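*Asks:* Below you'll find upload.cif; it's mmCIF, C-alpha atoms and all ligand atoms.
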data_structure
#
loop_
_atom_site.label_atom_id
_atom_site.label_comp_id
_atom_site.auth_asym_id
_atom_site.auth_seq_id
_atom_site.Cartn_x
_atom_site.Cartn_y
_atom_site.Cartn_z
CA MET Y 3 -109.21 149.78 12.65
CA GLU Y 4 -111.14 151.60 9.98
CA TRP Y 5 -111.01 151.73 6.22
CA LYS Y 6 -109.25 154.81 4.91
CA LYS Y 7 -108.89 156.16 1.40
CA GLU Y 8 -105.12 155.56 1.42
CA TYR Y 9 -105.87 151.81 1.29
CA ARG Y 10 -107.60 152.13 -2.07
CA LEU Y 11 -105.61 150.49 -4.88
CA GLY Y 12 -108.04 151.02 -7.75
CA ILE Y 13 -108.61 147.32 -8.44
CA HIS Y 14 -112.22 146.75 -7.45
CA GLU Y 15 -112.11 143.13 -6.31
CA ILE Y 16 -108.92 143.60 -4.30
CA ASP Y 17 -110.28 146.76 -2.66
CA GLU Y 18 -113.47 144.91 -1.70
CA GLN Y 19 -111.48 142.06 -0.15
CA HIS Y 20 -109.30 144.55 1.74
CA LYS Y 21 -112.44 146.20 3.14
CA VAL Y 22 -113.69 142.88 4.50
CA LEU Y 23 -110.27 142.14 6.03
CA VAL Y 24 -110.15 145.57 7.69
CA GLU Y 25 -113.57 144.75 9.16
CA CYS Y 26 -112.12 141.51 10.53
CA ILE Y 27 -109.28 143.38 12.27
CA SER Y 28 -111.82 145.85 13.60
CA ASP Y 29 -113.94 142.96 14.96
CA ILE Y 30 -110.88 141.47 16.66
CA GLU Y 31 -109.93 144.83 18.22
CA ARG Y 32 -113.48 145.42 19.44
CA ALA Y 33 -113.61 141.97 21.03
CA VAL Y 34 -110.24 142.53 22.71
CA ALA Y 35 -111.37 145.92 24.06
CA GLN Y 36 -114.38 144.18 25.58
CA TYR Y 37 -112.24 141.36 27.02
CA ASP Y 38 -114.29 138.96 24.92
CA ARG Y 39 -111.67 136.36 24.03
CA GLN Y 40 -114.24 133.99 22.51
CA SER Y 41 -115.43 136.53 19.94
CA ALA Y 42 -111.82 137.54 19.28
CA ASP Y 43 -110.90 133.91 18.59
CA ALA Y 44 -113.87 133.51 16.20
CA ALA Y 45 -112.89 136.69 14.33
CA ILE Y 46 -109.26 135.54 14.09
CA VAL Y 47 -110.31 132.20 12.57
CA ARG Y 48 -112.49 134.04 10.05
CA MET Y 49 -109.66 136.42 9.25
CA ALA Y 50 -107.19 133.56 8.75
CA ASP Y 51 -109.49 131.91 6.19
CA LEU Y 52 -110.21 135.12 4.29
CA ALA Y 53 -106.58 136.28 4.39
CA GLN Y 54 -105.40 132.96 2.98
CA ALA Y 55 -107.80 133.21 0.02
CA HIS Y 56 -106.83 136.85 -0.50
CA PHE Y 57 -103.09 136.17 -0.45
CA THR Y 58 -103.52 133.31 -2.92
CA LEU Y 59 -105.39 135.59 -5.31
CA GLU Y 60 -102.78 138.34 -5.06
CA GLU Y 61 -99.91 135.94 -5.61
CA CYS Y 62 -101.68 134.39 -8.64
CA LEU Y 63 -102.16 137.82 -10.18
CA MET Y 64 -98.50 138.67 -9.58
CA ARG Y 65 -97.35 135.38 -11.09
CA ILE Y 66 -99.53 135.78 -14.20
CA LEU Y 67 -98.21 139.29 -14.74
CA ASP Y 68 -94.55 138.55 -13.96
CA TYR Y 69 -94.41 140.95 -11.05
CA PRO Y 70 -90.72 141.15 -10.08
CA GLY Y 71 -91.44 141.55 -6.35
CA LEU Y 72 -93.48 138.35 -6.04
CA ALA Y 73 -91.06 136.38 -3.83
CA GLU Y 74 -90.61 139.21 -1.34
CA HIS Y 75 -94.34 139.90 -1.29
CA ALA Y 76 -95.17 136.24 -0.72
CA ASP Y 77 -92.72 136.26 2.22
CA HIS Y 78 -94.65 139.14 3.76
CA HIS Y 79 -97.88 137.19 3.40
CA LYS Y 80 -96.26 134.17 5.02
CA GLN Y 81 -95.09 136.31 7.94
CA PHE Y 82 -98.65 137.50 8.47
CA SER Y 83 -100.08 133.97 8.31
CA VAL Y 84 -97.55 132.75 10.89
CA HIS Y 85 -98.46 135.68 13.13
CA LEU Y 86 -102.15 134.81 12.83
CA GLU Y 87 -101.32 131.30 13.97
CA THR Y 88 -99.63 132.67 17.10
CA LEU Y 89 -102.88 134.51 17.87
CA GLN Y 90 -104.68 131.20 17.97
CA GLU Y 91 -102.40 129.79 20.66
CA PRO Y 92 -104.20 129.18 23.94
CA PHE Y 93 -102.84 130.37 27.32
CA VAL Y 94 -101.45 133.65 25.99
CA THR Y 95 -101.64 136.50 28.51
CA THR Y 96 -103.92 139.43 27.74
CA ASP Y 97 -100.98 141.85 27.42
CA VAL Y 98 -99.16 139.65 24.93
CA PHE Y 99 -102.40 139.10 23.02
CA ARG Y 100 -102.96 142.86 22.80
CA GLU Y 101 -99.41 143.44 21.57
CA ARG Y 102 -99.91 140.85 18.87
CA ILE Y 103 -103.16 142.47 17.75
CA GLU Y 104 -101.34 145.80 17.56
CA PHE Y 105 -98.69 144.18 15.37
CA LEU Y 106 -101.45 142.79 13.14
CA HIS Y 107 -102.92 146.26 12.76
CA GLN Y 108 -99.56 147.88 11.94
CA TRP Y 109 -98.58 145.13 9.54
CA TRP Y 110 -101.80 145.51 7.61
CA ASP Y 111 -101.53 149.28 7.44
CA THR Y 112 -98.00 149.16 6.03
CA HIS Y 113 -98.53 146.15 3.80
CA VAL Y 114 -101.51 147.57 1.92
CA GLN Y 115 -100.14 151.09 1.55
CA LYS Y 116 -96.63 150.05 0.55
CA HIS Y 117 -96.41 146.49 -0.76
CA ASP Y 118 -99.92 146.03 -2.19
CA LYS Y 119 -99.80 149.50 -3.68
CA SER Y 120 -96.59 148.57 -5.47
CA TYR Y 121 -97.93 145.41 -7.15
CA ALA Y 122 -101.24 147.19 -7.91
CA LEU Y 123 -99.40 149.84 -9.89
CA HIS Y 124 -97.70 147.08 -11.86
CA LEU Y 125 -101.03 145.36 -12.55
CA LEU Y 126 -102.78 148.59 -13.52
CA LYS Y 127 -99.95 149.39 -15.91
CA HIS Y 128 -100.06 146.01 -17.63
CA THR Y 129 -103.78 145.19 -17.64
CA ALA Y 130 -107.21 146.78 -17.91
CA LEU Y 131 -108.04 145.80 -14.30
CA GLY Y 132 -108.48 149.38 -13.13
CA LYS Y 133 -110.93 150.28 -15.88
CA SER Y 134 -114.61 149.68 -15.25
FE FE A 201 -103.71 142.59 -0.04
FE FE A 202 -100.40 141.55 -0.27
#
I need this file expressed as structure tokens, please.
Ligand SMILES: [Fe+2]
Ligand SMILES: [Fe+2]
*Replies:*
Amino acid sequence: MEWKKEYRLGIHEIDEQHKVLVECISDIERAVAQYDRQSADAAIVRMADLAQAHFTLEECLMRILDYPGLAEHADHHKQFSVHLETLQEPFVTTDVFRERIEFLHQWWDTHVQKHDKSYALHLLKHTALGKS
């Protein structure tokens, strides 16, 4: 997975966090392609920590600014966190593991471009966050 301009939301700190998380997914995919389960596991643990901090920040911003889609957005985050936990289960076959990584990739792609973009527009409209 690579960073692409469509992921840019225009809120510097969020964009920087998204870049790091895209790197994490890329690290996981590289490790899987090399059949290096140990490196994949390490990258998944790192991603889980960073994603948790990122989701907390986003949800705080939405709460502060009365974003109407907060509950639905938080549900999406929860879905992702649960999926990350399934990736940390031992004794999963390689095929299932690969399918789950693919889901992770697709989820991220859609979430940032659709759901994050939506709350970012709300934030940019109601704050000076996009101005630097
Ligand atoms: Fe995000
Ligand atoms: Fe989000």
*Asks:* Show me, as a list of chain:residue names, the residues that have an atom within 10 Å of Ser120 of chain Y when counting all atoms listed in the file, minus same-chain residues fewer than 4 positions from it.
*Replies:*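 My reading of the contact set: Y:Leu11, Y:Tyr69, Y:Gly71, Y:His75, Y:His113, Y:Val114, Y:Gln115, Y:Lys116, Y:His124, Y:Leu125.
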*Asks:* May I ask for the distance between atom CA of Glu4 of chain Y and atom CA of Ser28 of chain Y, given in Å to one decimal place?
*Replies:*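 Taking atom CA of Glu4 of chain Y as the start and atom CA of Ser28 of chain Y as the end point, the length is 6.8 Å.
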*Asks:* Can you tell me which residues surround Phe99 of chain Y at a distance of at most 10 Å, considering all atoms listed in the file, apart from same-chain residues fewer than 6 positions away, and format the answer as a ChimeraX atom specification?
*Replies:* /Y:34,39,88-91,93,105
*Asks:* Given all atoms listed in the file, how would the per-residue table for chain Y near ligand FE 202 (chain A) read, listing every residue at most 12 Å away with its closest atom pair and distance in Å to one decimal, sorted by chain and number, as CSV?
*Replies:*
residue,atom,partner,partner_atom,distance
Y:Tyr9,CA,A:FE202,FE,11.7
Y:Leu11,CA,A:FE202,FE,11.3
Y:Ile16,CA,A:FE202,FE,9.6
Y:Asp17,CA,A:FE202,FE,11.4
Y:Gln19,CA,A:FE202,FE,11.1
Y:His20,CA,A:FE202,FE,9.6
Y:Leu23,CA,A:FE202,FE,11.7
Y:Ala53,CA,A:FE202,FE,9.4
Y:Gln54,CA,A:FE202,FE,10.5
Y:Ala55,CA,A:FE202,FE,11.2
Y:His56,CA,A:FE202,FE,8.0
Y:Phe57,CA,A:FE202,FE,6.0
Y:Thr58,CA,A:FE202,FE,9.2
Y:Leu59,CA,A:FE202,FE,9.3
Y:Glu60,CA,A:FE202,FE,6.2
Y:Glu61,CA,A:FE202,FE,7.8
Y:Cys62,CA,A:FE202,FE,11.1
Y:Leu63,CA,A:FE202,FE,10.7
Y:Met64,CA,A:FE202,FE,9.9
Y:Gly71,CA,A:FE202,FE,10.8
Y:Leu72,CA,A:FE202,FE,9.6
Y:Ala73,CA,A:FE202,FE,11.3
Y:Glu74,CA,A:FE202,FE,10.1
Y:His75,CA,A:FE202,FE,6.4
Y:Ala76,CA,A:FE202,FE,7.5
Y:Asp77,CA,A:FE202,FE,9.7
Y:His78,CA,A:FE202,FE,7.4
Y:His79,CA,A:FE202,FE,6.2
Y:Lys80,CA,A:FE202,FE,10.0
Y:Gln81,CA,A:FE202,FE,11.1
Y:Phe82,CA,A:FE202,FE,9.8
Y:Ser83,CA,A:FE202,FE,11.5
Y:Trp109,CA,A:FE202,FE,10.6
Y:Trp110,CA,A:FE202,FE,8.9
Y:Asp111,CA,A:FE202,FE,11.0
Y:Thr112,CA,A:FE202,FE,10.2
Y:His113,CA,A:FE202,FE,6.4
Y:Val114,CA,A:FE202,FE,6.5
Y:Gln115,CA,A:FE202,FE,9.7
Y:Lys116,CA,A:FE202,FE,9.3
Y:His117,CA,A:FE202,FE,6.4
Y:Asp118,CA,A:FE202,FE,4.9
Y:Lys119,CA,A:FE202,FE,8.7
Y:Ser120,CA,A:FE202,FE,9.5
Y:Tyr121,CA,A:FE202,FE,8.3
Y:Ala122,CA,A:FE202,FE,9.5
*Asks:* How would the residues just picked look written out with C-alpha atoms as a PDB file, in the frame of the given file?
*Replies:*
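The resulting file, part01.pdb, is shown below:
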ATOM      1  CA  TYR Y   9    -105.870 151.810   1.290  1.00  0.00           C
ATOM      2  CA  LEU Y  11    -105.610 150.490  -4.880  1.00  0.00           C
ATOM      3  CA  ILE Y  16    -108.920 143.600  -4.300  1.00  0.00           C
ATOM      4  CA  ASP Y  17    -110.280 146.760  -2.660  1.00  0.00           C
ATOM      5  CA  GLN Y  19    -111.480 142.060  -0.150  1.00  0.00           C
ATOM      6  CA  HIS Y  20    -109.300 144.550   1.740  1.00  0.00           C
ATOM      7  CA  LEU Y  23    -110.270 142.140   6.030  1.00  0.00           C
ATOM      8  CA  ALA Y  53    -106.580 136.280   4.390  1.00  0.00           C
ATOM      9  CA  GLN Y  54    -105.400 132.960   2.980  1.00  0.00           C
ATOM     10  CA  ALA Y  55    -107.800 133.210   0.020  1.00  0.00           C
ATOM     11  CA  HIS Y  56    -106.830 136.850  -0.500  1.00  0.00           C
ATOM     12  CA  PHE Y  57    -103.090 136.170  -0.450  1.00  0.00           C
ATOM     13  CA  THR Y  58    -103.520 133.310  -2.920  1.00  0.00           C
ATOM     14  CA  LEU Y  59    -105.390 135.590  -5.310  1.00  0.00           C
ATOM     15  CA  GLU Y  60    -102.780 138.340  -5.060  1.00  0.00           C
ATOM     16  CA  GLU Y  61     -99.910 135.940  -5.610  1.00  0.00           C
ATOM     17  CA  CYS Y  62    -101.680 134.390  -8.640  1.00  0.00           C
ATOM     18  CA  LEU Y  63    -102.160 137.820 -10.180  1.00  0.00           C
ATOM     19  CA  MET Y  64     -98.500 138.670  -9.580  1.00  0.00           C
ATOM     20  CA  GLY Y  71     -91.440 141.550  -6.350  1.00  0.00           C
ATOM     21  CA  LEU Y  72     -93.480 138.350  -6.040  1.00  0.00           C
ATOM     22  CA  ALA Y  73     -91.060 136.380  -3.830  1.00  0.00           C
ATOM     23  CA  GLU Y  74     -90.610 139.210  -1.340  1.00  0.00           C
ATOM     24  CA  HIS Y  75     -94.340 139.900  -1.290  1.00  0.00           C
ATOM     25  CA  ALA Y  76     -95.170 136.240  -0.720  1.00  0.00           C
ATOM     26  CA  ASP Y  77     -92.720 136.260   2.220  1.00  0.00           C
ATOM     27  CA  HIS Y  78     -94.650 139.140   3.760  1.00  0.00           C
ATOM     28  CA  HIS Y  79     -97.880 137.190   3.400  1.00  0.00           C
ATOM     29  CA  LYS Y  80     -96.260 134.170   5.020  1.00  0.00           C
ATOM     30  CA  GLN Y  81     -95.090 136.310   7.940  1.00  0.00           C
ATOM     31  CA  PHE Y  82     -98.650 137.500   8.470  1.00  0.00           C
ATOM     32  CA  SER Y  83    -100.080 133.970   8.310  1.00  0.00           C
ATOM     33  CA  TRP Y 109     -98.580 145.130   9.540  1.00  0.00           C
ATOM     34  CA  TRP Y 110    -101.800 145.510   7.610  1.00  0.00           C
ATOM     35  CA  ASP Y 111    -101.530 149.280   7.440  1.00  0.00           C
ATOM     36  CA  THR Y 112     -98.000 149.160   6.030  1.00  0.00           C
ATOM     37  CA  HIS Y 113     -98.530 146.150   3.800  1.00  0.00           C
ATOM     38  CA  VAL Y 114    -101.510 147.570   1.920  1.00  0.00           C
ATOM     39  CA  GLN Y 115    -100.140 151.090   1.550  1.00  0.00           C
ATOM     40  CA  LYS Y 116     -96.630 150.050   0.550  1.00  0.00           C
ATOM     41  CA  HIS Y 117     -96.410 146.490  -0.760  1.00  0.00           C
ATOM     42  CA  ASP Y 118     -99.920 146.030  -2.190  1.00  0.00           C
ATOM     43  CA  LYS Y 119     -99.800 149.500  -3.680  1.00  0.00           C
ATOM     44  CA  SER Y 120     -96.590 148.570  -5.470  1.00  0.00           C
ATOM     45  CA  TYR Y 121     -97.930 145.410  -7.150  1.00  0.00           C
ATOM     46  CA  ALA Y 122    -101.240 147.190  -7.910  1.00  0.00           C
TER      47      ALA Y 122
END
*Asks:* One decimal, Å: what's the distance from atom CA of Glu87 of chain Y over to atom CA of Asp29 of chain Y, could you say?
*Replies:*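 Separation of atom CA of Glu87 of chain Y and atom CA of Asp29 of chain Y: 17.2 Å.
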*Asks:* Using only C-alpha atoms for the distances, tell me which of Y:Ala35, Y:Met3, Y:Ala50, Y:Ile13 is nearest to Asp97 of chain Y.
*Replies:*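 Between Y:Ala35, Y:Met3, Y:Ala50, Y:Ile13, the residue approaching Asp97 of chain Y most closely is Y:Ala35.
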